[in-house]
$ cat work-v6.txt   # compact mmCIF, C-alpha atoms
# COMPACT_ATOMS: atom_id res chain seq x y z
CA MET A 1 75.16 149.54 152.82
CA ARG A 2 74.70 146.06 151.47
CA GLY A 3 71.38 144.99 150.06
CA GLY A 4 69.13 143.17 152.50
CA HIS A 5 71.12 144.27 155.56
CA PHE A 6 70.26 146.88 158.12
CA PRO A 7 72.63 149.83 158.33
CA THR A 8 75.02 149.91 161.25
CA SER A 9 73.77 151.63 164.38
CA ARG A 10 75.96 154.63 163.63
CA GLN A 11 74.44 155.02 160.17
CA GLU A 12 70.93 154.37 161.49
CA ARG A 13 71.24 157.11 164.07
CA ARG A 14 71.98 159.63 161.37
CA ARG A 15 68.63 159.14 159.68
CA TRP A 16 65.56 161.03 160.78
CA PRO A 17 62.51 158.88 160.18
CA GLY A 18 59.36 160.87 160.85
CA ARG A 19 55.97 159.37 160.20
CA SER A 20 52.30 159.70 160.93
CA PRO A 21 51.25 156.04 160.81
CA LEU A 22 47.50 156.57 160.85
CA VAL A 23 47.62 159.04 157.96
CA GLY A 24 50.23 157.32 155.81
CA TRP A 25 52.73 160.20 155.88
CA ARG A 26 56.45 159.99 156.46
CA ARG A 27 59.60 162.10 156.11
CA VAL A 28 63.12 160.71 155.98
CA GLU A 29 66.35 162.66 155.85
CA ALA A 30 69.98 161.65 156.28
CA GLN A 31 72.35 163.93 158.13
CA PRO A 32 76.12 163.85 158.59
CA HIS A 33 75.88 163.84 162.42
CA ARG A 34 73.68 162.71 165.30
CA ARG A 35 73.67 165.63 167.70
CA LYS A 36 71.14 167.25 169.97
CA VAL A 37 70.92 170.34 167.79
CA ASP A 38 70.24 168.17 164.72
CA TRP A 39 67.29 166.55 166.51
CA ALA A 40 66.07 169.97 167.69
CA HIS A 41 66.07 171.33 164.13
CA GLN A 42 64.16 168.29 162.89
CA VAL A 43 61.56 168.84 165.61
CA GLN A 44 61.33 172.51 164.67
CA ARG A 45 60.71 171.54 161.03
CA LEU A 46 58.11 168.99 162.12
CA LEU A 47 56.24 171.61 164.16
CA THR A 48 56.58 174.62 161.85
CA VAL A 49 56.56 173.07 158.36
CA ASP A 50 54.96 169.63 158.53
CA PHE A 51 52.30 170.27 161.20
CA PRO A 52 52.13 174.06 161.68
CA HIS A 53 48.47 174.13 162.74
CA ALA A 54 48.56 171.23 165.19
CA ALA A 55 48.25 172.34 168.79
CA THR A 56 50.08 169.22 170.00
CA VAL A 57 52.25 166.75 168.12
CA VAL A 58 52.71 163.32 169.68
CA LEU A 59 56.23 161.94 169.22
CA VAL A 60 56.89 158.26 169.85
CA MET A 61 60.60 157.58 169.74
CA ASP A 62 63.44 155.57 171.17
CA ASN A 63 65.44 156.50 174.25
CA LEU A 64 68.41 157.98 172.42
CA ASN A 65 70.21 160.60 174.52
CA THR A 66 69.49 163.36 171.97
CA HIS A 67 65.71 162.78 172.07
CA ASN A 68 64.56 165.13 174.80
CA THR A 69 63.35 168.70 175.13
CA SER A 70 66.67 169.87 176.60
CA SER A 71 68.00 169.57 173.06
CA LEU A 72 65.67 172.38 172.02
CA TYR A 73 67.36 174.71 174.51
CA GLU A 74 70.78 173.93 173.04
CA ALA A 75 69.60 174.91 169.57
CA PHE A 76 67.20 177.81 170.13
CA ALA A 77 66.58 180.80 172.36
CA PRO A 78 64.77 179.86 175.59
CA ASP A 79 61.42 181.39 174.57
CA GLN A 80 61.44 179.58 171.22
CA ALA A 81 62.54 176.29 172.83
CA LEU A 82 59.76 176.58 175.41
CA ALA A 83 57.16 177.28 172.70
CA LEU A 84 58.29 174.27 170.66
CA GLY A 85 58.48 172.02 173.72
CA ARG A 86 54.95 172.91 174.83
CA ARG A 87 53.59 171.62 171.51
CA LEU A 88 55.21 168.21 172.01
CA GLN A 89 53.81 165.18 173.77
CA ILE A 90 56.75 162.75 173.96
CA HIS A 91 56.42 159.01 174.52
CA HIS A 92 59.51 156.81 174.59
CA THR A 93 59.31 153.21 173.43
CA PRO A 94 60.32 150.59 176.00
CA LYS A 95 64.02 149.77 175.93
CA HIS A 96 63.34 146.08 175.35
CA GLY A 97 60.10 146.42 173.40
CA SER A 98 61.26 146.97 169.85
CA TRP A 99 58.15 145.15 168.64
CA LEU A 100 56.30 148.32 169.62
CA ASN A 101 58.57 150.52 167.52
CA VAL A 102 56.82 151.33 164.26
CA ALA A 103 59.91 153.25 163.19
CA GLU A 104 61.90 149.99 163.07
CA ILE A 105 59.31 148.52 160.71
CA GLU A 106 59.53 151.63 158.56
CA LEU A 107 63.34 151.52 158.52
CA ALA A 108 63.22 147.86 157.47
CA ALA A 109 60.88 148.73 154.57
CA LEU A 110 63.08 151.67 153.63
CA THR A 111 66.16 149.43 153.65
CA ARG A 112 64.51 146.83 151.42
CA GLN A 113 62.92 149.27 149.00
CA CYS A 114 65.47 152.07 148.73
CA LEU A 115 68.79 151.22 150.34
CA ASP A 116 69.57 147.98 148.55
CA ARG A 117 72.94 149.27 147.36
CA ARG A 118 75.85 151.32 148.64
CA ILE A 119 75.35 155.09 148.39
CA ASP A 120 78.52 156.97 149.27
CA ASP A 121 77.39 160.58 148.90
CA LEU A 122 75.03 162.22 151.41
CA ASP A 123 73.37 164.34 148.71
CA ASP A 124 72.73 161.25 146.57
CA LEU A 125 71.37 159.44 149.59
CA ASN A 126 68.96 162.29 150.38
CA THR A 127 67.84 162.35 146.73
CA GLU A 128 67.05 158.63 146.93
CA LEU A 129 65.31 159.08 150.27
CA ALA A 130 63.21 161.96 148.92
CA ALA A 131 62.09 159.85 145.95
CA TRP A 132 61.14 156.96 148.25
CA GLN A 133 59.37 159.35 150.60
CA GLN A 134 57.36 160.90 147.76
CA ALA A 135 56.33 157.51 146.37
CA THR A 136 55.30 156.06 149.73
CA ASN A 137 53.46 159.22 150.76
CA ALA A 138 51.55 159.15 147.47
CA ASP A 139 50.43 155.60 148.34
CA GLN A 140 49.46 156.76 151.85
CA ARG A 141 50.55 153.43 153.27
CA GLN A 142 49.31 153.20 156.81
CA VAL A 143 50.14 150.94 159.71
CA ARG A 144 47.65 148.12 160.03
CA TRP A 145 47.23 147.53 163.72
CA HIS A 146 46.55 143.83 164.23
CA PHE A 147 47.24 143.76 167.95
CA THR A 148 44.38 145.67 169.60
CA THR A 149 44.04 146.96 173.15
CA ALA A 150 41.62 144.12 173.88
CA ASP A 151 44.21 141.62 172.61
CA ALA A 152 46.86 143.20 174.83
CA ARG A 153 44.64 142.98 177.90
CA THR A 154 43.97 139.31 177.21
CA ARG A 155 47.40 138.12 176.09
CA LEU A 156 49.49 140.33 178.34
CA ARG A 157 47.33 140.26 181.48
CA HIS A 158 50.32 139.03 183.48
CA LEU A 159 51.98 142.42 182.84
CA TYR A 160 49.03 144.47 184.10
CA PRO A 161 48.78 145.19 187.82
CA GLU A 162 45.84 143.67 189.64
CA HIS A 163 43.72 145.90 191.84
$ encode --input "work-v6.txt" --output "structure tokens"
Amino acid sequence: MRGGHFPTSRQERRRWPGRSPLVGWRRVEAQPHRRKVDWAHQVQRLLTVDFPHAATVVLVMDNLNTHNTSSLYEAFAPDQALALGRRLQIHHTPKHGSWLNVAEIELAALTRQCLDRRIDDLDDLNTELAAWQQATNADQRQVRWHFTTADARTRLRHLYPEH
């Protein structure tokens, strides 16, 4: 990857950016493939390691074909997949509303701060990602929401249905 450039869509799909924007926590991991079972295992880790005591975890993500609860059934036994799926509240970002996608902002920051050079080896890449993750989590950088609900109702009133 060249400095200052976003990775290709194929490379981008292989990364798992997880974040809790209001807390300032994130987890990033690169994987060799983008498959349903890979997503399912990341969700399992999120629910059992990162947030084991949370009754419900809200996931906001893009509309990629691997991002649905059916992926859990491909990776785990039905009872385990059902248990994991019940703890998820999934919200998909609009297809043409990337400005809503906090993950894109995070990936841009990651690209600028960590991926400014070519890294050929997956293990080296994950080492770099882990160092970036640790540093940014220590800072507890949060998302600063400038566009409030009141702003949305005023500026985007043409998108809201009238009663």
$ closest_residue --input "work-v6.txt" --among "A:Leu88, A:Val60, A:Ala131, A:Val28" --to "Glu106 (chain A)" --atoms "all atoms listed in the file"
A:Val28
$ residues_near_point --input "work-v6.txt" --point "(64.9, 167.0, 172.6)" --cutoff "12 Å" --atoms "all atoms listed in the file" --output "ChimeraX atom specification"
/A:35-44,59,61-76,81-82,84-86,88-92
$ atom_distance --input "work-v6.txt" --atom1 "CA of Asp124 (chain A)" --atom2 "CA of Asn137 (chain A)"
19.8 Å
$ atom_distance --input "work-v6.txt" --atom1 "CA of Asp116 (chain A)" --atom2 "CA of Asp50 (chain A)"
28.0 Å
$ atom_distance --input "work-v6.txt" --atom1 "CA of Thr127 (chain A)" --atom2 "CA of Val58 (chain A)"
27.5 Å
$ axis_aligned_box --input "work-v6.txt" --around "region 145-151 of chain A" --padding-each-side "5 Å" --output "lines of an AutoDock Vina configuration file"
center_x = 44.4
center_y = 144.6
center_z = 168.8
size_x = 15.6
size_y = 15.9
size_z = 20.2
$ closest_residue --input "work-v6.txt" --among "A:Ala30, A:Ala109, A:Ala83, A:Val49" --to "Thr136 (chain A)" --atoms "all atoms listed in the file"
A:Ala109
$ closest_residue --input "work-v6.txt" --among "A:Leu107, A:Leu122, A:Leu47, A:Leu159" --to "Arg87 (chain A)" --atoms "all atoms listed in the file"
A:Leu47
